[in-house]
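Engineer: For reference, the file input.cif (mmCIF, C-alpha atoms and all ligand atoms) is included below:
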```cif
data_work
#
loop_
_atom_site.group_PDB
_atom_site.id
_atom_site.type_symbol
_atom_site.label_atom_id
_atom_site.label_comp_id
_atom_site.auth_asym_id
_atom_site.auth_seq_id
_atom_site.Cartn_x
_atom_site.Cartn_y
_atom_site.Cartn_z
ATOM 1 C CA MET A 1 -4.037 -21.957 0.176
ATOM 2 C CA THR A 2 -4.776 -23.473 -3.272
ATOM 3 C CA ALA A 3 -3.778 -21.751 -6.516
ATOM 4 C CA SER A 4 -7.390 -20.685 -7.159
ATOM 5 C CA ASP A 5 -7.549 -19.037 -3.711
ATOM 6 C CA THR A 6 -4.456 -16.956 -4.383
ATOM 7 C CA PRO A 7 -5.571 -13.320 -4.573
ATOM 8 C CA LEU A 8 -4.625 -11.282 -7.613
ATOM 9 C CA LEU A 9 -3.569 -8.431 -5.332
ATOM 10 C CA LEU A 10 -2.229 -8.852 -1.830
ATOM 11 C CA ILE A 11 -1.611 -5.847 0.428
ATOM 12 C CA GLU A 12 0.133 -6.843 3.633
ATOM 13 C CA ASP A 13 1.011 -4.513 6.495
ATOM 14 C CA VAL A 14 1.723 -1.575 4.170
ATOM 15 C CA VAL A 15 2.948 1.644 5.795
ATOM 16 C CA LYS A 16 3.561 5.008 4.117
ATOM 17 C CA ARG A 17 4.630 8.064 6.111
ATOM 18 C CA PHE A 18 5.009 11.669 4.984
ATOM 19 C CA GLY A 19 7.245 13.212 7.639
ATOM 20 C CA GLY A 20 5.387 12.809 10.928
ATOM 21 C CA LEU A 21 2.087 11.839 9.249
ATOM 22 C CA THR A 22 1.286 8.163 8.717
ATOM 23 C CA ALA A 23 -0.957 8.273 5.621
ATOM 24 C CA VAL A 24 -1.171 4.454 5.294
ATOM 25 C CA ASP A 25 -0.850 2.690 8.615
ATOM 26 C CA HIS A 26 -0.299 -1.106 8.502
ATOM 27 C CA VAL A 27 -2.998 -1.748 5.893
ATOM 28 C CA SER A 28 -3.718 -5.331 4.821
ATOM 29 C CA PHE A 29 -6.345 -6.754 2.459
ATOM 30 C CA THR A 30 -6.646 -8.894 -0.646
ATOM 31 C CA VAL A 31 -8.425 -8.534 -3.977
ATOM 32 C CA LYS A 32 -9.746 -11.666 -5.675
ATOM 33 C CA SER A 33 -9.568 -12.183 -9.422
ATOM 34 C CA ASN A 34 -12.622 -11.236 -11.510
ATOM 35 C CA SER A 35 -14.134 -9.126 -8.738
ATOM 36 C CA ILE A 36 -14.970 -5.489 -8.105
ATOM 37 C CA THR A 37 -13.603 -4.217 -4.786
ATOM 38 C CA GLY A 38 -14.506 -0.774 -3.452
ATOM 39 C CA LEU A 39 -11.984 1.212 -1.410
ATOM 40 C CA ILE A 40 -13.847 3.788 0.675
ATOM 41 C CA GLY A 41 -13.146 6.172 3.535
ATOM 42 C CA PRO A 42 -13.430 9.836 4.492
ATOM 43 C CA ASN A 43 -11.250 12.535 2.923
ATOM 44 C CA GLY A 44 -7.642 12.069 3.946
ATOM 45 C CA ALA A 45 -8.145 8.394 4.900
ATOM 46 C CA GLY A 46 -5.180 7.327 2.737
ATOM 47 C CA LYS A 47 -6.960 5.906 -0.328
ATOM 48 C CA SER A 48 -5.004 7.772 -3.012
ATOM 49 C CA THR A 49 -1.724 7.208 -1.179
ATOM 50 C CA LEU A 50 -2.439 3.480 -1.133
ATOM 51 C CA PHE A 51 -3.212 3.589 -4.886
ATOM 52 C CA ASN A 52 0.090 5.409 -5.391
ATOM 53 C CA CYS A 53 1.905 2.692 -3.435
ATOM 54 C CA ILE A 54 0.276 -0.063 -5.525
ATOM 55 C CA THR A 55 1.105 1.649 -8.827
ATOM 56 C CA GLY A 56 4.695 2.450 -7.782
ATOM 57 C CA ILE A 57 4.306 6.237 -7.843
ATOM 58 C CA VAL A 58 5.352 6.295 -4.188
ATOM 59 C CA GLN A 59 7.352 3.624 -2.366
ATOM 60 C CA PRO A 60 5.834 2.263 0.844
ATOM 61 C CA ASP A 61 8.111 2.497 3.895
ATOM 62 C CA SER A 62 7.349 -1.127 4.760
ATOM 63 C CA GLY A 63 4.989 -3.984 3.990
ATOM 64 C CA THR A 64 4.379 -6.202 0.994
ATOM 65 C CA ILE A 65 2.396 -5.643 -2.200
ATOM 66 C CA GLN A 66 2.027 -8.652 -4.484
ATOM 67 C CA LEU A 67 0.408 -8.686 -7.915
ATOM 68 C CA ASP A 68 -0.322 -12.162 -9.207
ATOM 69 C CA GLY A 69 2.150 -13.665 -6.749
ATOM 70 C CA VAL A 70 5.006 -11.266 -7.577
ATOM 71 C CA LYS A 71 6.274 -8.617 -5.138
ATOM 72 C CA ILE A 72 5.917 -5.235 -6.831
ATOM 73 C CA GLN A 73 6.591 -2.708 -4.079
ATOM 74 C CA GLU A 74 10.133 -2.007 -5.238
ATOM 75 C CA LYS A 75 9.366 -1.919 -8.955
ATOM 76 C CA SER A 76 8.934 1.196 -11.094
ATOM 77 C CA PRO A 77 5.465 2.297 -12.299
ATOM 78 C CA ASN A 78 6.411 1.108 -15.802
ATOM 79 C CA GLN A 79 7.474 -2.334 -14.620
ATOM 80 C CA ILE A 80 4.265 -2.633 -12.569
ATOM 81 C CA ALA A 81 2.174 -1.626 -15.597
ATOM 82 C CA GLN A 82 3.974 -4.239 -17.693
ATOM 83 C CA HIS A 83 3.155 -6.780 -15.007
ATOM 84 C CA GLY A 84 -0.560 -6.208 -15.655
ATOM 85 C CA LEU A 85 -1.742 -3.153 -13.750
ATOM 86 C CA GLY A 86 -3.657 -0.224 -15.252
ATOM 87 C CA ARG A 87 -4.884 2.893 -13.483
ATOM 88 C CA THR A 88 -7.131 5.896 -14.020
ATOM 89 C CA PHE A 89 -6.901 9.185 -12.092
ATOM 90 C CA GLN A 90 -9.451 11.535 -10.459
ATOM 91 C CA THR A 91 -8.708 13.951 -13.295
ATOM 92 C CA PRO A 92 -8.497 11.938 -16.536
ATOM 93 C CA LYS A 93 -5.056 11.861 -18.157
ATOM 94 C CA ILE A 94 -5.889 12.229 -21.828
ATOM 95 C CA PHE A 95 -4.425 14.245 -24.704
ATOM 96 C CA ARG A 96 -6.957 16.991 -25.286
ATOM 97 C CA GLY A 97 -5.471 18.005 -28.631
ATOM 98 C CA MET A 98 -5.797 14.490 -30.083
ATOM 99 C CA SER A 99 -8.897 12.742 -31.365
ATOM 100 C CA VAL A 100 -10.500 9.965 -29.338
ATOM 101 C CA ARG A 101 -9.117 7.386 -31.790
ATOM 102 C CA GLU A 102 -5.600 8.863 -31.618
ATOM 103 C CA ASN A 103 -5.744 8.917 -27.821
ATOM 104 C CA LEU A 104 -6.446 5.185 -27.819
ATOM 105 C CA ALA A 105 -3.827 4.313 -30.454
ATOM 106 C CA PHE A 106 -1.218 6.347 -28.584
ATOM 107 C CA ALA A 107 -1.888 4.343 -25.402
ATOM 108 C CA ALA A 108 -0.952 1.020 -27.051
ATOM 109 C CA PRO A 109 2.269 -0.555 -25.738
ATOM 110 C CA VAL A 110 5.496 0.573 -27.493
ATOM 111 C CA GLN A 111 5.710 -0.921 -30.945
ATOM 112 C CA HIS A 112 8.582 -1.735 -33.301
ATOM 113 C CA GLY A 113 7.384 0.948 -35.729
ATOM 114 C CA GLU A 114 8.199 3.657 -33.177
ATOM 115 C CA ARG A 115 11.894 2.756 -33.525
ATOM 116 C CA PRO A 116 13.252 4.028 -36.873
ATOM 117 C CA VAL A 117 15.766 1.184 -37.321
ATOM 118 C CA SER A 118 13.058 -1.464 -36.862
ATOM 119 C CA THR A 119 11.007 0.136 -39.657
ATOM 120 C CA LEU A 120 13.817 -0.692 -42.099
ATOM 121 C CA ILE A 121 14.581 -4.156 -40.764
ATOM 122 C CA HIS A 122 11.097 -5.573 -40.077
ATOM 123 C CA PRO A 123 8.590 -3.768 -42.373
ATOM 124 C CA GLN A 124 6.152 -6.713 -42.465
ATOM 125 C CA LYS A 125 6.144 -7.142 -38.677
ATOM 126 C CA ILE A 126 5.481 -3.437 -38.229
ATOM 127 C CA LYS A 127 2.539 -3.542 -40.624
ATOM 128 C CA GLU A 128 1.057 -6.439 -38.663
ATOM 129 C CA GLU A 129 1.523 -4.566 -35.383
ATOM 130 C CA GLU A 130 -0.170 -1.459 -36.780
ATOM 131 C CA THR A 131 -3.109 -3.530 -37.966
ATOM 132 C CA ALA A 132 -3.386 -5.187 -34.546
ATOM 133 C CA VAL A 133 -3.392 -1.785 -32.777
ATOM 134 C CA GLN A 134 -6.019 -0.403 -35.174
ATOM 135 C CA SER A 135 -8.217 -3.403 -34.584
ATOM 136 C CA ARG A 136 -7.809 -3.053 -30.795
ATOM 137 C CA VAL A 137 -8.701 0.651 -31.048
ATOM 138 C CA GLU A 138 -11.898 -0.179 -32.969
ATOM 139 C CA ASP A 139 -12.839 -2.909 -30.441
ATOM 140 C CA THR A 140 -12.274 -0.493 -27.548
ATOM 141 C CA LEU A 141 -14.306 2.257 -29.212
ATOM 142 C CA GLU A 142 -17.171 -0.177 -29.672
ATOM 143 C CA PHE A 143 -16.868 -1.681 -26.162
ATOM 144 C CA LEU A 144 -17.118 1.762 -24.564
ATOM 145 C CA SER A 145 -19.743 3.063 -27.041
ATOM 146 C CA LEU A 146 -17.343 5.801 -28.087
ATOM 147 C CA ASP A 147 -17.379 4.903 -31.791
ATOM 148 C CA HIS A 148 -19.590 7.863 -32.738
ATOM 149 C CA LEU A 149 -16.998 10.187 -31.119
ATOM 150 C CA ALA A 150 -13.907 8.510 -32.612
ATOM 151 C CA ASP A 151 -12.811 11.512 -34.670
ATOM 152 C CA GLU A 152 -13.752 14.214 -32.144
ATOM 153 C CA TYR A 153 -11.035 16.046 -30.253
ATOM 154 C CA ALA A 154 -10.814 14.856 -26.637
ATOM 155 C CA SER A 155 -11.117 18.513 -25.551
ATOM 156 C CA GLY A 156 -14.716 18.498 -26.854
ATOM 157 C CA LEU A 157 -15.845 15.525 -24.728
ATOM 158 C CA SER A 158 -18.028 15.788 -21.628
ATOM 159 C CA GLY A 159 -16.510 14.933 -18.229
ATOM 160 C CA GLY A 160 -18.097 11.476 -18.326
ATOM 161 C CA GLN A 161 -16.953 10.790 -21.875
ATOM 162 C CA ARG A 162 -13.394 11.761 -20.857
ATOM 163 C CA LYS A 163 -13.561 9.190 -18.058
ATOM 164 C CA LEU A 164 -14.679 6.563 -20.569
ATOM 165 C CA LEU A 165 -11.809 7.541 -22.860
ATOM 166 C CA GLU A 166 -9.311 7.297 -20.016
ATOM 167 C CA LEU A 167 -10.653 3.826 -19.203
ATOM 168 C CA GLY A 168 -10.234 2.998 -22.905
ATOM 169 C CA ARG A 169 -6.599 4.112 -22.805
ATOM 170 C CA VAL A 170 -6.042 1.808 -19.828
ATOM 171 C CA LEU A 171 -7.770 -1.085 -21.636
ATOM 172 C CA MET A 172 -5.403 -0.657 -24.605
ATOM 173 C CA LEU A 173 -2.689 -2.038 -22.273
ATOM 174 C CA ASP A 174 -4.829 -5.122 -21.571
ATOM 175 C CA PRO A 175 -4.272 -5.062 -17.779
ATOM 176 C CA ASP A 176 -5.370 -7.845 -15.426
ATOM 177 C CA LEU A 177 -5.988 -5.431 -12.558
ATOM 178 C CA ILE A 178 -7.576 -2.014 -13.106
ATOM 179 C CA LEU A 179 -7.434 0.679 -10.411
ATOM 180 C CA LEU A 180 -10.057 3.390 -10.830
ATOM 181 C CA ASP A 181 -9.881 6.620 -8.815
ATOM 182 C CA GLU A 182 -13.428 8.014 -8.440
ATOM 183 C CA PRO A 183 -14.523 6.846 -11.904
ATOM 184 C CA MET A 184 -18.098 8.123 -11.503
ATOM 185 C CA ALA A 185 -17.411 11.547 -9.962
ATOM 186 C CA GLY A 186 -19.070 14.232 -12.098
ATOM 187 C CA VAL A 187 -20.528 11.672 -14.514
ATOM 188 C CA ASN A 188 -24.240 11.961 -15.381
ATOM 189 C CA PRO A 189 -26.541 9.063 -14.323
ATOM 190 C CA ALA A 190 -26.986 7.629 -17.847
ATOM 191 C CA LEU A 191 -23.243 7.500 -18.445
ATOM 192 C CA THR A 192 -22.651 6.163 -14.914
ATOM 193 C CA ASN A 193 -24.914 3.205 -15.710
ATOM 194 C CA GLU A 194 -23.076 2.681 -18.988
ATOM 195 C CA LEU A 195 -19.723 2.755 -17.206
ATOM 196 C CA LEU A 196 -20.967 0.315 -14.530
ATOM 197 C CA ASP A 197 -22.190 -2.099 -17.209
ATOM 198 C CA ARG A 198 -18.746 -1.962 -18.815
ATOM 199 C CA LEU A 199 -17.032 -2.624 -15.480
ATOM 200 C CA HIS A 200 -19.159 -5.720 -14.859
ATOM 201 C CA GLU A 201 -18.503 -6.856 -18.426
ATOM 202 C CA LEU A 202 -14.762 -6.444 -17.815
ATOM 203 C CA THR A 203 -14.922 -8.752 -14.780
ATOM 204 C CA ASN A 204 -16.831 -11.264 -16.939
ATOM 205 C CA ARG A 205 -13.902 -11.056 -19.344
ATOM 206 C CA GLY A 206 -11.429 -11.954 -16.604
ATOM 207 C CA ARG A 207 -10.403 -8.479 -15.433
ATOM 208 C CA THR A 208 -10.301 -7.396 -11.785
ATOM 209 C CA ILE A 209 -11.248 -3.944 -10.536
ATOM 210 C CA LEU A 210 -10.289 -1.979 -7.425
ATOM 211 C CA LEU A 211 -12.007 1.390 -7.230
ATOM 212 C CA ILE A 212 -12.114 4.425 -4.966
ATOM 213 C CA GLU A 213 -15.600 5.880 -4.860
ATOM 214 C CA HIS A 214 -17.608 8.128 -2.553
ATOM 215 C CA ASP A 215 -21.053 7.138 -3.918
ATOM 216 C CA MET A 216 -22.340 4.667 -1.320
ATOM 217 C CA ASP A 217 -25.271 3.350 -3.405
ATOM 218 C CA LEU A 218 -22.853 2.466 -6.130
ATOM 219 C CA ILE A 219 -20.423 0.814 -3.718
ATOM 220 C CA MET A 220 -23.146 -1.202 -1.997
ATOM 221 C CA ASN A 221 -24.889 -2.292 -5.205
ATOM 222 C CA HIS A 222 -21.955 -3.010 -7.478
ATOM 223 C CA CYS A 223 -18.953 -4.135 -5.409
ATOM 224 C CA ASP A 224 -18.283 -7.730 -4.395
ATOM 225 C CA ARG A 225 -16.164 -6.560 -1.463
ATOM 226 C CA VAL A 226 -15.555 -3.286 0.317
ATOM 227 C CA VAL A 227 -12.467 -2.122 2.206
ATOM 228 C CA VAL A 228 -12.936 0.849 4.556
ATOM 229 C CA LEU A 229 -9.939 3.039 5.410
ATOM 230 C CA HIS A 230 -9.959 5.534 8.275
ATOM 231 C CA ASN A 231 -6.976 7.565 9.449
ATOM 232 C CA GLY A 232 -4.760 5.377 7.261
ATOM 233 C CA GLN A 233 -5.949 2.128 8.860
ATOM 234 C CA THR A 234 -8.242 -0.660 7.650
ATOM 235 C CA LEU A 235 -11.394 -0.113 9.661
ATOM 236 C CA ALA A 236 -13.300 -3.005 8.076
ATOM 237 C CA SER A 237 -13.394 -5.214 5.001
ATOM 238 C CA GLY A 238 -15.911 -7.698 3.682
ATOM 239 C CA SER A 239 -19.161 -7.908 1.742
ATOM 240 C CA PRO A 240 -21.058 -4.603 1.270
ATOM 241 C CA SER A 241 -23.841 -5.674 3.664
ATOM 242 C CA LEU A 242 -21.359 -6.700 6.352
ATOM 243 C CA VAL A 243 -19.481 -3.419 6.114
ATOM 244 C CA GLN A 244 -22.699 -1.390 6.000
ATOM 245 C CA ASP A 245 -23.820 -2.890 9.328
ATOM 246 C CA ASP A 246 -20.440 -2.532 11.058
ATOM 247 C CA GLU A 247 -20.850 -0.182 14.040
ATOM 248 C CA ARG A 248 -17.303 1.187 13.725
ATOM 249 C CA VAL A 249 -17.858 2.014 10.046
ATOM 250 C CA ILE A 250 -21.197 3.703 10.747
ATOM 251 C CA GLU A 251 -19.650 5.753 13.538
ATOM 252 C CA ALA A 252 -16.516 6.746 11.666
ATOM 253 C CA TYR A 253 -17.821 7.180 8.167
ATOM 254 C CA LEU A 254 -21.210 6.032 6.957
ATOM 255 C CA GLY A 255 -23.113 8.192 9.476
ATOM 256 C CA ASP A 256 -21.579 11.318 7.925
ATOM 257 C CA VAL A 257 -22.070 10.116 4.363
ATOM 258 C CA ILE A 258 -25.722 9.254 4.903
ATOM 259 C CA ASP A 259 -26.383 12.573 6.721
ATOM 260 C CA GLU A 260 -24.942 14.640 3.833
HETATM 261 N N1 LIG A 301 2.798 13.835 -1.014
HETATM 262 C C1 LIG A 301 2.307 14.058 0.214
HETATM 263 N N2 LIG A 301 3.006 14.751 1.126
HETATM 264 C C2 LIG A 301 2.526 14.958 2.372
HETATM 265 N N3 LIG A 301 1.338 14.509 2.812
HETATM 266 C C3 LIG A 301 0.580 13.817 1.942
HETATM 267 C C4 LIG A 301 1.017 13.561 0.593
HETATM 268 N N4 LIG A 301 0.049 12.845 -0.041
HETATM 269 C C5 LIG A 301 -0.934 12.675 0.855
HETATM 270 N N5 LIG A 301 -0.624 13.257 2.033
HETATM 271 C C6 LIG A 301 -1.443 13.256 3.248
HETATM 272 O O1 LIG A 301 -1.749 11.896 3.536
HETATM 273 C C7 LIG A 301 -3.075 11.780 4.041
HETATM 274 C C8 LIG A 301 -3.857 10.825 3.162
HETATM 275 O O2 LIG A 301 -4.101 11.481 1.915
HETATM 276 P P1 LIG A 301 -4.790 10.752 0.693
HETATM 277 O O3 LIG A 301 -4.807 11.712 -0.449
HETATM 278 O O4 LIG A 301 -4.157 9.437 0.477
HETATM 279 O O5 LIG A 301 -6.265 10.530 1.248
HETATM 280 P P2 LIG A 301 -7.589 10.125 0.454
HETATM 281 O O6 LIG A 301 -8.287 9.100 1.284
HETATM 282 O O7 LIG A 301 -7.259 9.747 -0.942
HETATM 283 O O8 LIG A 301 -8.397 11.486 0.481
HETATM 284 P P3 LIG A 301 -9.453 12.097 -0.593
HETATM 285 O O9 LIG A 301 -10.694 11.269 -0.491
HETATM 286 O O10 LIG A 301 -9.664 13.481 -0.080
HETATM 287 O O11 LIG A 301 -8.812 12.066 -1.959
HETATM 288 C C9 LIG A 301 -3.663 13.198 4.069
HETATM 289 O O12 LIG A 301 -3.499 13.705 5.378
HETATM 290 C C10 LIG A 301 -2.794 13.952 3.075
HETATM 291 O O13 LIG A 301 -2.711 15.317 3.407
#
```
Would you mind writing the file out in structure tokens?

Structural biologist:
Amino acid sequence: MTASDTPLLLIEDVVKRFGGLTAVDHVSFTVKSNSITGLIGPNGAGKSTLFNCITGIVQPDSGTIQLDGVKIQEKSPNQIAQHGLGRTFQTPKIFRGMSVRENLAFAAPVQHGERPVSTLIHPQKIKEEETAVQSRVEDTLEFLSLDHLADEYASGLSGGQRKLLELGRVLMLDPDLILLDEPMAGVNPALTNELLDRLHELTNRGRTILLIEHDMDLIMNHCDRVVVLHNGQTLASGSPSLVQDDERVIEAYLGDVIDE
């Protein structure tokens, strides 16, 4: 395998049990840099549990998870985030009592200015850091077309705008790999298109995206690869067209989704 073939994320034989239930059952797949990969499967297939294993919220019982060539399965969520992983949740984690701009600024990595002693010792450095954060906030507002809402309270945003803001908070950490848990659920079509444009733009800028989504049109039209989970196992993985035509996937999952 050459360096350029090395996947950004490697999931190998990962198992996670809750008592007698095997939620993730020997799952293996890879995610290439600068791609969008869709993780799909019926309710209870193990998608969120796998996300939790990747982000360090739960520890897998066995298997290997590598991010950019480094094993991360025994690291803490903070260490994994510092290693270049960002994540959004089904329900956005934002501060409703803060403005959009404050939400973004607050998501920036810990700065010297937040430590009182540093403020006295390195005033110039702190000023530079504050300027850099402000500039990053403005860039993020513009990138996500949230600039007109910058001073609004997050509590006043629509569901879709909250999802954009949560993505913005993740982008403030400048992650290489972004995990999105149902980013389009409850988002109106105009904002969904906006969000999809941004996701493609992020891959053009060198980011990599792994997303859980139930909207099949979106998965088939916008993902480079699809991984299908069923009963905790990898039922299929490959290009959207390959997965769409896979008899096992149609029988176990797509049949139901299309009939709905
Ligand atoms: N903390 C937990 N304790 C016990 N069982 C759990 C826990 N978390 C998940 N499970 C179980 O593991 C299985 C997989 O759940 P998971 O939430 O990962 O599925 P999912 O594919 O994300 O489903 P959905 O699409 O409904 O969100 C389910 O049977 C669920 O009940």

Engineer: Atom CA of Leu167 of chain A and atom CA of Pro183 of chain A are how many Å apart?

Structural biologist: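 Taking atom CA of Leu167 of chain A as the start and atom CA of Pro183 of chain A as the end point, the length is 8.8 Å.
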
Engineer: Scan for residues within 8 Å of the point (-11.2, -13.4, -6.9) in the coordinates of the file, using all atoms listed in the file, and reply as a PyMOL selection string.

Structural biologist: chain A and resi 5+7-8+31-35+208

Engineer: Export, as a short mmCIF file (atom, residue, chain, number, x, y, z; two decimals), in the coordinates of the input, the selected residues with C-alpha atoms.

Structural biologist:
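Here's the written file again_37.cif:
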```
data_model
loop_
_atom_site.label_atom_id
_atom_site.label_comp_id
_atom_site.auth_asym_id
_atom_site.auth_seq_id
_atom_site.Cartn_x
_atom_site.Cartn_y
_atom_site.Cartn_z
CA ASP A 5 -7.55 -19.04 -3.71
CA PRO A 7 -5.57 -13.32 -4.57
CA LEU A 8 -4.62 -11.28 -7.61
CA VAL A 31 -8.43 -8.53 -3.98
CA LYS A 32 -9.75 -11.67 -5.68
CA SER A 33 -9.57 -12.18 -9.42
CA ASN A 34 -12.62 -11.24 -11.51
CA SER A 35 -14.13 -9.13 -8.74
CA THR A 208 -10.30 -7.40 -11.78
#
```

Engineer: Provide the atom CA of Ile57 of chain A to atom CA of Arg96 of chain A distance in Å, to one decimal place.

Structural biologist: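 Interatomic distance here is 23.4 Å.
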
Engineer: Counting all atoms listed in the file, give me one row per residue of chain A with an atom at most 9 Å from an atom of ligand LIG 301 (chain A), showing the shortest contact pair and its distance in Å to one decimal, sorted by chain then residue number, as CSV.

Structural biologist:
```
residue,atom,partner,partner_atom,distance
A:Lys16,CA,A:LIG301,O1,8.7
A:Arg17,CA,A:LIG301,O1,7.9
A:Phe18,CA,A:LIG301,C2,4.9
A:Gly19,CA,A:LIG301,C2,7.3
A:Leu21,CA,A:LIG301,O1,6.9
A:Thr22,CA,A:LIG301,O1,7.1
A:Ala23,CA,A:LIG301,O1,4.3
A:Val24,CA,A:LIG301,C8,7.2
A:Ile40,CA,A:LIG301,O6,7.7
A:Gly41,CA,A:LIG301,O6,6.1
A:Pro42,CA,A:LIG301,O9,5.9
A:Asn43,CA,A:LIG301,O10,3.5
A:Gly44,CA,A:LIG301,O5,3.4
A:Ala45,CA,A:LIG301,O6,3.7
A:Gly46,CA,A:LIG301,O4,3.3
A:Lys47,CA,A:LIG301,O6,3.8
A:Ser48,CA,A:LIG301,O7,3.6
A:Thr49,CA,A:LIG301,O4,3.7
A:Leu50,CA,A:LIG301,O4,6.4
A:Phe51,CA,A:LIG301,O4,8.0
A:Asn52,CA,A:LIG301,O4,8.3
A:Val58,CA,A:LIG301,N1,8.6
A:Gln90,CA,A:LIG301,O11,8.5
A:Asp181,CA,A:LIG301,O11,8.8
A:Glu182,CA,A:LIG301,O11,8.9
A:Ile212,CA,A:LIG301,O7,8.3
A:Glu213,CA,A:LIG301,O9,8.5
A:His214,CA,A:LIG301,O9,7.9
A:Leu229,CA,A:LIG301,O6,7.5
A:His230,CA,A:LIG301,O6,8.0
A:Asn231,CA,A:LIG301,C8,7.7
A:Gly232,CA,A:LIG301,C8,6.9
```

Engineer: Applying 12 Å and all atoms listed in the file, which residues near Asp245 of chain A remain after dropping the ones on its own chain fewer than 5 positions away? List them as a list in words.

Structural biologist: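 Within the cut-off, the hits are Met220, Ala236, Ser237, Gly238, Ser239, Pro240, Ile250, Glu251, Tyr253, Leu254 and Gly255 of chain A.
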
Engineer: Which residues would end up in the selection if the PyMOL selection byres (((chain A and resi 93) around 12) and not hetatm) were applied here, given that I need the answer as a list of chain:residue names?

Structural biologist: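 Selected by the PyMOL selection byres (((chain A and resi 93) around 12) and not hetatm) here: A:Arg87, A:Thr88, A:Phe89, A:Gln90, A:Thr91, A:Pro92, A:Ile94, A:Phe95, A:Arg96, A:Asn103, A:Leu104, A:Ala107, A:Ala154, A:Ser155, A:Gly159, A:Arg162, A:Lys163, A:Leu164, A:Leu165, A:Glu166, A:Leu167, A:Gly168, A:Arg169, A:Val170, A:Asp181.
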
Engineer: Could you write out that same residue set with C-alpha atoms as a PDB file, in the coordinates of the input?

Structural biologist:
```pdb
ATOM      1  CA  ARG A  87      -4.884   2.893 -13.483  1.00  0.00           C
ATOM      2  CA  THR A  88      -7.131   5.896 -14.020  1.00  0.00           C
ATOM      3  CA  PHE A  89      -6.901   9.185 -12.092  1.00  0.00           C
ATOM      4  CA  GLN A  90      -9.451  11.535 -10.459  1.00  0.00           C
ATOM      5  CA  THR A  91      -8.708  13.951 -13.295  1.00  0.00           C
ATOM      6  CA  PRO A  92      -8.497  11.938 -16.536  1.00  0.00           C
ATOM      7  CA  ILE A  94      -5.889  12.229 -21.828  1.00  0.00           C
ATOM      8  CA  PHE A  95      -4.425  14.245 -24.704  1.00  0.00           C
ATOM      9  CA  ARG A  96      -6.957  16.991 -25.286  1.00  0.00           C
ATOM     10  CA  ASN A 103      -5.744   8.917 -27.821  1.00  0.00           C
ATOM     11  CA  LEU A 104      -6.446   5.185 -27.819  1.00  0.00           C
ATOM     12  CA  ALA A 107      -1.888   4.343 -25.402  1.00  0.00           C
ATOM     13  CA  ALA A 154     -10.814  14.856 -26.637  1.00  0.00           C
ATOM     14  CA  SER A 155     -11.117  18.513 -25.551  1.00  0.00           C
ATOM     15  CA  GLY A 159     -16.510  14.933 -18.229  1.00  0.00           C
ATOM     16  CA  ARG A 162     -13.394  11.761 -20.857  1.00  0.00           C
ATOM     17  CA  LYS A 163     -13.561   9.190 -18.058  1.00  0.00           C
ATOM     18  CA  LEU A 164     -14.679   6.563 -20.569  1.00  0.00           C
ATOM     19  CA  LEU A 165     -11.809   7.541 -22.860  1.00  0.00           C
ATOM     20  CA  GLU A 166      -9.311   7.297 -20.016  1.00  0.00           C
ATOM     21  CA  LEU A 167     -10.653   3.826 -19.203  1.00  0.00           C
ATOM     22  CA  GLY A 168     -10.234   2.998 -22.905  1.00  0.00           C
ATOM     23  CA  ARG A 169      -6.599   4.112 -22.805  1.00  0.00           C
ATOM     24  CA  VAL A 170      -6.042   1.808 -19.828  1.00  0.00           C
ATOM     25  CA  ASP A 181      -9.881   6.620  -8.815  1.00  0.00           C
TER      26      ASP A 181
END
```

Engineer: Using atom CA of Val187 of chain A and atom CA of Gly38 of chain A as the two end points, give the distance in Å to one decimal.

Structural biologist: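 Taking atom CA of Val187 of chain A as the start and atom CA of Gly38 of chain A as the end point, the length is 17.7 Å.
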
Engineer: Quick one: everything within 10 Å of Glu102 of chain A, counting all atoms listed in the file, minus sequence neighbours fewer than 4 positions away in the same chain. Send it as a list of chain:residue names.

Structural biologist: A:Phe95, A:Gly97, A:Met98, A:Phe106, A:Ala107, A:Gln134, A:Val137, A:Ala150, A:Asp151, A:Glu152, A:Tyr153, A:Ala154

Engineer: Run the PyMOL selection byres (((chain A and resi 67-78) around 6) and not hetatm) mentally over the shown coordinates, then write out the matched residues as JSON, numbers by chain, using the chain letters and numbers from the document.

Structural biologist: {"A": [8, 9, 55, 56, 65, 66, 79, 80, 81]}

Engineer: Could you check which of A:Leu141, A:Thr6, A:Asp25, A:Leu171 is closest to Arg205 of chain A, using all atoms listed in the file?

Structural biologist: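 Among the listed residues, the smallest separation from Arg205 of chain A belongs to A:Leu171.
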
Engineer: What residues come out when you apply the PyMOL selection byres (((chain A and resi 174) around 9) and not hetatm) to this file, written as a PyMOL selection string?

Structural biologist: chain A and resi 84-86+170-173+175-176+207

Engineer: Considering only C-alpha atoms, return as JSON, numbers by chain whatever protein or nucleic-acid residues lie within 9 Å of Asp13 of chain A, sequence-local ones (same chain, fewer than 5 positions apart) excluded.

Structural biologist: {"A": [25, 26, 27, 28, 29, 62, 63, 64, 65]}

Engineer: Find the axis-aligned box for segment 72-91 of chain A, covering all its listed atoms and adding 5 Å on each side, and write its centre and edge lengths in Å to one decimal as AutoDock Vina command-line options.

Structural biologist:
```
--center_x 0.3 --center_y 3.6 --center_z -10.9 --size_x 29.6 --size_y 30.7 --size_z 23.6
```
